[in-house]
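K.L.:
Once you've had a glance at the structure underneath, I'll fire off some questions.
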Amino acid sequence: MGSFVTCLEAALDGTVLPHDIPQTTHEGRPLLVRYDLAAVGRAVDRDALRDRPADLWRYAELLPVEDPANRVSLGEGMTPLVRCTRLERELPCRLWIKDESQLPTGSFKARGLCLAVSRAKELGLEHLAIPTAGNAGGALAAYAARAGLACTVFLPRDTPRVACLEVAHFGANTWLVDGLITDCAQLVREGARRYGWFDLSTLKEPYRIEGKKTMGLELAEQMGWRLPHTILYPTGGGTGLIGMWKAFAELGTLGWLEADSLPRLYACQAEGCAPIVRAWEAGERFAEPVKNPSTRASGLRVPAAVGDFMILDAVRASGGAARAVSEDALLANMHRAARLEGISLCPEAGACLAVLAELVREGAVTPEDDVVVYNTGAVQKYVELIERELSDLGRPEDVDWSRIEAGAL
Ligand SMILES: Cc1ncc(COP(=O)(O)O)c(C=O)c1O
């Protein structure tokens with residue numbers, strides 16, 4: 001089980017670059033990892049994957065780490081694909097939630113940072129740095145600790161508190177910044193210039209996408225190599241959406257998919273920060289940065305995405321759309337999944353469920369459609385959003401047993 005990586009390729013103009021030295025971007029735009037897929041097809045039988053361990057390394061031939069000794073692992077991957085029949089009664093369709101909240105550090109960021117840190121180790125990098133909306137910082141801090149690499153994390157001061165604590169807890173050099181994620185990114189660039197830190201910002205290096213790609217590989221395998229009609233994905237920097245689309249393309253080339261049709265991708269954002277939606281609506285390929293981004297779904301508070309054109313290309317090619325919802329709608333849907341299905345939905349995924357409700361209302365999703373919502377993180381990392389639930393709890397001595405017996409409580 002070794003990698004079949006061949007090179008890196010610039011996403012915008014196809015320039016080919018070697019993969020055996022550290023690489024960042026090409027003319028400021030992202031790089032993609034390429035593999036010898038014909039050789040993968042000869043070496044691996046799709047059905048043989050069943051006998052491999054239930055983690056993301058089961059797809060090793062389609063991942064960039066060359067020496068298995070460089071894998072930095074916390075047991076990530078093979079998250080549950082949960083059928084949601086109680087939600088289906090309100091949102092008629094066949095609905096699954098791919099529950100990424102169960103990954104190490106409680107979010108899908110574990111996948112990307114697992115691969116990025118493993119490759120950093122393989123390429124001999126020593127000090128990693130990242131600007132983060134929260135979850136990516138926690139994941140990097142954990143994987144860097146596991147790899148024994150130094151790491152520095154910058155978070156906006158108003159990032160959900162648990163995420164800040166988590167980063168510090170895993171031993172990263174932790175900085176809270178009075179500003180946005182773009183201000184944090186500026187500080188990482190400065191550190192990279194002055195001290196040689198390696199910048200792991202979203203899409204500023206090629207390997208986080210490869211980790212996120214495994215969300216798509218796993219989904220295909222879990223659904224018997226038949227993809228759903230519709231996927232809803234909470235989109236900030238877009239690595240997950242771009243990674244999944246890449247996964248489906250690679251699976252198509254390998255001939256592993258049972259049907260030719262690909263899912264419609266819906267990039268879901270919050271109204272307070274929806275650069276991709278604005279570009280989608282205007283028919284543009286590149287997005288204008290948002291001036292005053294604001295949403296409590298902190299992972300969606302990304303005012304400018306370096307891979308904007310890749311997100312928009314994928315959404316358009318899939319026949320999907322980019323949609324934004326209000327804060328009330330995303331928070332209400334976060335609660336809806338918790339109460340109806342017992343799933344710890346993050347507010348970002350609440351946006352997806354809110355978009356699904358609109359699509360059902362509009363008839364764009366019907367009861368015959370297979371739909372997958374990605375739950376990219378655990379709500380426990382956003383205690384500020386659920387604290388209110390404790391405020392109207394009663395004291396035991398105030399319990400009115402007669403009301404309980406009458407079925408009123
Ligand atoms: C929980 C959560 N969902 C979604 C996103 C957006 O992810 P992507 O960069 O893949 O668009 C983030 C990013 O921070 C996040 O933390």
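Identifiers in the structure tokens: chain A, B, ... in order shown; residue index from 1 per chain; ligand index from 1 in order shown.
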Residues within 12 Å of Glu27 of chain A, please, as a PDB file with N, CA and C atoms, in the first residue's frame. Count only C-alpha atoms; anything in the same chain fewer than 5 positions from it doesn't count.

P.N.:
ATOM      1  N   ALA A  10      -0.486  23.139 -11.134  1.00  0.00           N
ATOM      2  CA  ALA A  10      -1.167  24.393 -10.783  1.00  0.00           C
ATOM      3  C   ALA A  10      -2.614  24.324 -11.260  1.00  0.00           C
ATOM      4  N   ALA A  11      -3.549  24.642 -10.344  1.00  0.00           N
ATOM      5  CA  ALA A  11      -4.969  24.490 -10.676  1.00  0.00           C
ATOM      6  C   ALA A  11      -5.406  25.473 -11.760  1.00  0.00           C
ATOM      7  N   LEU A  12      -4.753  26.637 -11.839  1.00  0.00           N
ATOM      8  CA  LEU A  12      -5.230  27.649 -12.780  1.00  0.00           C
ATOM      9  C   LEU A  12      -4.672  27.447 -14.186  1.00  0.00           C
ATOM     10  N   ASP A  13      -3.376  27.073 -14.292  1.00  0.00           N
ATOM     11  CA  ASP A  13      -2.811  26.990 -15.653  1.00  0.00           C
ATOM     12  C   ASP A  13      -2.096  25.664 -15.967  1.00  0.00           C
ATOM     13  N   GLY A  14      -2.187  24.683 -15.064  1.00  0.00           N
ATOM     14  CA  GLY A  14      -1.652  23.348 -15.375  1.00  0.00           C
ATOM     15  C   GLY A  14      -0.134  23.217 -15.288  1.00  0.00           C
ATOM     16  N   THR A  15       0.572  24.258 -14.837  1.00  0.00           N
ATOM     17  CA  THR A  15       2.031  24.152 -14.679  1.00  0.00           C
ATOM     18  C   THR A  15       2.369  22.982 -13.765  1.00  0.00           C
ATOM     19  N   LYS A 204      -2.898  27.005   0.593  1.00  0.00           N
ATOM     20  CA  LYS A 204      -1.581  27.613   0.360  1.00  0.00           C
ATOM     21  C   LYS A 204      -0.510  26.522   0.288  1.00  0.00           C
ATOM     22  N   VAL A 306      -8.881  31.730  -1.512  1.00  0.00           N
ATOM     23  CA  VAL A 306      -7.867  31.696  -2.568  1.00  0.00           C
ATOM     24  C   VAL A 306      -8.255  30.691  -3.666  1.00  0.00           C
TER      25      VAL A 306
END

K.L.:
Need to verify the contact set: segment 160-174 of chain A, 6 Å, only C-alpha atoms, exclusion of same-chain residues closer than 5 positions in sequence. Can you return it as a list in words?

P.N.:
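So the residues in contact are Gly134, Gly138, Ala141, Ala142, Cys151, Thr152, Val153, Lys381 and Tyr382 of chain A.
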
K.L.:
Could I get the residue neighbourhood of ligand 1 at 6 Å, counting only C-alpha atoms and all ligand atoms, as a list in words?

P.N.:
Ala133, Asn135, Pro234, Thr235, Gly236, Gly237, Gly238, Thr239, Gly240, Gly299, Leu300, Glu348, Thr376 and Gly377 of chain A

K.L.:
Let's see if you can do this: from backbone DSSP, list all strand (DSSP E or B) residues in segment 73-264 of chain A, as a ChimeraX atom specification.

P.N.:
/A:81-83,94-99,107,127-131,150-156,173-177,198-199,230-234,264

K.L.:
With N, CA, C and O atoms retained, write the just-selected residues as a compact mmCIF listing (two decimals), in the first residue's frame.

P.N.:
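File written: part_4.txt
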# COMPACT_ATOMS: atom_id res chain seq x y z
N LEU A 81 -22.05 7.35 8.35
CA LEU A 81 -23.01 7.94 7.41
C LEU A 81 -24.37 7.57 7.98
O LEU A 81 -24.79 6.42 7.91
N VAL A 82 -25.03 8.56 8.59
CA VAL A 82 -26.21 8.27 9.42
C VAL A 82 -27.49 8.60 8.66
O VAL A 82 -27.71 9.76 8.27
N ARG A 83 -28.33 7.60 8.43
CA ARG A 83 -29.63 7.86 7.79
C ARG A 83 -30.54 8.59 8.77
O ARG A 83 -30.60 8.23 9.96
N ARG A 94 -34.41 11.15 0.75
CA ARG A 94 -33.65 10.15 1.53
C ARG A 94 -32.39 10.85 2.03
O ARG A 94 -31.52 11.21 1.23
N LEU A 95 -32.33 11.06 3.33
CA LEU A 95 -31.30 11.96 3.89
C LEU A 95 -30.30 11.23 4.78
O LEU A 95 -30.69 10.49 5.68
N TRP A 96 -29.03 11.49 4.49
CA TRP A 96 -27.96 10.99 5.36
C TRP A 96 -27.13 12.18 5.84
O TRP A 96 -26.94 13.15 5.10
N ILE A 97 -26.64 12.08 7.06
CA ILE A 97 -25.64 13.04 7.52
C ILE A 97 -24.32 12.30 7.64
O ILE A 97 -24.24 11.25 8.29
N LYS A 98 -23.30 12.81 6.98
CA LYS A 98 -21.95 12.25 7.11
C LYS A 98 -21.34 12.96 8.31
O LYS A 98 -21.05 14.17 8.27
N ASP A 99 -21.18 12.21 9.42
CA ASP A 99 -20.92 12.86 10.70
C ASP A 99 -19.43 12.97 11.03
O ASP A 99 -18.85 12.10 11.66
N SER A 107 -13.67 17.63 14.46
CA SER A 107 -14.08 18.24 13.19
C SER A 107 -13.35 17.59 12.01
O SER A 107 -12.33 16.92 12.18
N HIS A 127 8.72 23.71 11.47
CA HIS A 127 7.84 24.62 12.20
C HIS A 127 6.64 24.97 11.30
O HIS A 127 6.81 25.57 10.25
N LEU A 128 5.46 24.58 11.75
CA LEU A 128 4.25 24.78 10.95
C LEU A 128 3.43 25.91 11.56
O LEU A 128 3.41 26.06 12.79
N ALA A 129 2.75 26.67 10.71
CA ALA A 129 1.93 27.78 11.23
C ALA A 129 0.64 27.88 10.46
O ALA A 129 0.57 27.53 9.27
N ILE A 130 -0.39 28.38 11.15
CA ILE A 130 -1.72 28.44 10.50
C ILE A 130 -2.55 29.58 11.08
O ILE A 130 -2.50 29.85 12.27
N PRO A 131 -3.32 30.27 10.20
CA PRO A 131 -4.38 31.16 10.67
C PRO A 131 -5.65 30.32 10.69
O PRO A 131 -5.84 29.49 9.82
N ALA A 150 7.15 21.69 15.77
CA ALA A 150 6.74 22.97 16.38
C ALA A 150 5.56 23.54 15.59
O ALA A 150 5.46 23.34 14.38
N CYS A 151 4.71 24.29 16.29
CA CYS A 151 3.56 24.85 15.58
C CYS A 151 3.07 26.13 16.23
O CYS A 151 3.10 26.28 17.45
N THR A 152 2.67 27.07 15.36
CA THR A 152 2.17 28.37 15.82
C THR A 152 0.80 28.60 15.19
O THR A 152 0.62 28.39 13.99
N VAL A 153 -0.15 29.04 16.03
CA VAL A 153 -1.53 29.19 15.57
C VAL A 153 -2.03 30.59 15.91
O VAL A 153 -1.90 31.03 17.06
N PHE A 154 -2.60 31.28 14.93
CA PHE A 154 -3.22 32.59 15.15
C PHE A 154 -4.73 32.45 14.98
O PHE A 154 -5.20 31.97 13.93
N LEU A 155 -5.49 32.89 15.99
CA LEU A 155 -6.95 32.84 15.92
C LEU A 155 -7.52 34.24 16.17
O LEU A 155 -6.99 34.96 17.03
N PRO A 156 -8.60 34.62 15.46
CA PRO A 156 -9.28 35.86 15.85
C PRO A 156 -9.72 35.74 17.31
O PRO A 156 -10.13 34.67 17.75
N ASN A 173 2.08 27.25 20.02
CA ASN A 173 2.26 28.67 20.34
C ASN A 173 0.98 29.35 19.88
O ASN A 173 0.70 29.39 18.68
N THR A 174 0.19 29.86 20.82
CA THR A 174 -1.18 30.29 20.50
C THR A 174 -1.30 31.81 20.63
O THR A 174 -0.93 32.37 21.66
N TRP A 175 -1.84 32.45 19.58
CA TRP A 175 -1.98 33.90 19.59
C TRP A 175 -3.42 34.26 19.25
O TRP A 175 -3.96 33.78 18.26
N LEU A 176 -4.02 35.12 20.10
CA LEU A 176 -5.37 35.62 19.81
C LEU A 176 -5.22 37.01 19.20
O LEU A 176 -4.55 37.87 19.77
N VAL A 177 -5.83 37.20 18.04
CA VAL A 177 -5.60 38.41 17.25
C VAL A 177 -6.87 39.27 17.23
O VAL A 177 -7.97 38.74 17.01
N PHE A 198 6.48 27.14 8.02
CA PHE A 198 5.79 26.68 6.82
C PHE A 198 4.30 27.00 6.97
O PHE A 198 3.66 26.62 7.96
N ASP A 199 3.75 27.70 5.98
CA ASP A 199 2.38 28.23 6.04
C ASP A 199 1.38 27.16 5.59
O ASP A 199 1.36 26.76 4.42
N THR A 230 -27.54 14.66 -4.43
CA THR A 230 -27.26 16.02 -3.94
C THR A 230 -26.35 15.96 -2.71
O THR A 230 -26.56 15.12 -1.83
N ILE A 231 -25.35 16.85 -2.68
CA ILE A 231 -24.51 17.00 -1.50
C ILE A 231 -24.57 18.46 -1.05
O ILE A 231 -24.46 19.37 -1.88
N LEU A 232 -24.77 18.65 0.25
CA LEU A 232 -24.74 20.02 0.78
C LEU A 232 -23.53 20.14 1.69
O LEU A 232 -23.33 19.33 2.61
N TYR A 233 -22.72 21.16 1.43
CA TYR A 233 -21.44 21.29 2.12
C TYR A 233 -21.24 22.73 2.61
O TYR A 233 -21.40 23.68 1.83
N PRO A 234 -20.90 22.90 3.89
CA PRO A 234 -20.69 24.26 4.41
C PRO A 234 -19.36 24.81 3.92
O PRO A 234 -18.30 24.25 4.23
N ARG A 264 -25.09 16.82 -7.47
CA ARG A 264 -25.15 18.29 -7.52
C ARG A 264 -24.55 18.78 -6.21
O ARG A 264 -24.96 18.34 -5.13

K.L.:
List every residue of segment 86-154 of chain A that has an atom at most 10 Å from any atom of segment 214-227 of chain A, giving for each one its closest atom pair and the distance in Å to one decimal, counting only C-alpha atoms, sorted by chain and then by ascending residue number, as CSV.

P.N.:
residue,atom,partner,partner_atom,distance
A:Lys98,CA,A:Leu219,CA,7.9
A:Glu100,CA,A:Met215,CA,8.8
A:Phe108,CA,A:Met215,CA,8.5
A:Arg111,CA,A:Thr214,CA,7.5
A:Gly112,CA,A:Thr214,CA,9.0

K.L.:
Pull N, CA and C atoms from the residues just selected and write them as a compact mmCIF listing (two decimals), in the first residue's frame.

P.N.:
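In the end it all went to part28.txt:
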# COMPACT_ATOMS: atom_id res chain seq x y z
N LYS A 98 -23.30 12.81 6.98
CA LYS A 98 -21.95 12.25 7.11
C LYS A 98 -21.34 12.96 8.31
N GLU A 100 -18.87 14.07 10.59
CA GLU A 100 -17.44 14.32 10.77
C GLU A 100 -17.10 14.81 12.19
N PHE A 108 -13.91 17.84 10.82
CA PHE A 108 -13.35 17.32 9.57
C PHE A 108 -11.96 17.87 9.28
N ARG A 111 -8.85 15.58 8.91
CA ARG A 111 -8.43 14.89 7.68
C ARG A 111 -7.33 15.67 6.95
N GLY A 112 -7.59 16.94 6.72
CA GLY A 112 -6.64 17.76 5.95
C GLY A 112 -5.34 17.95 6.69
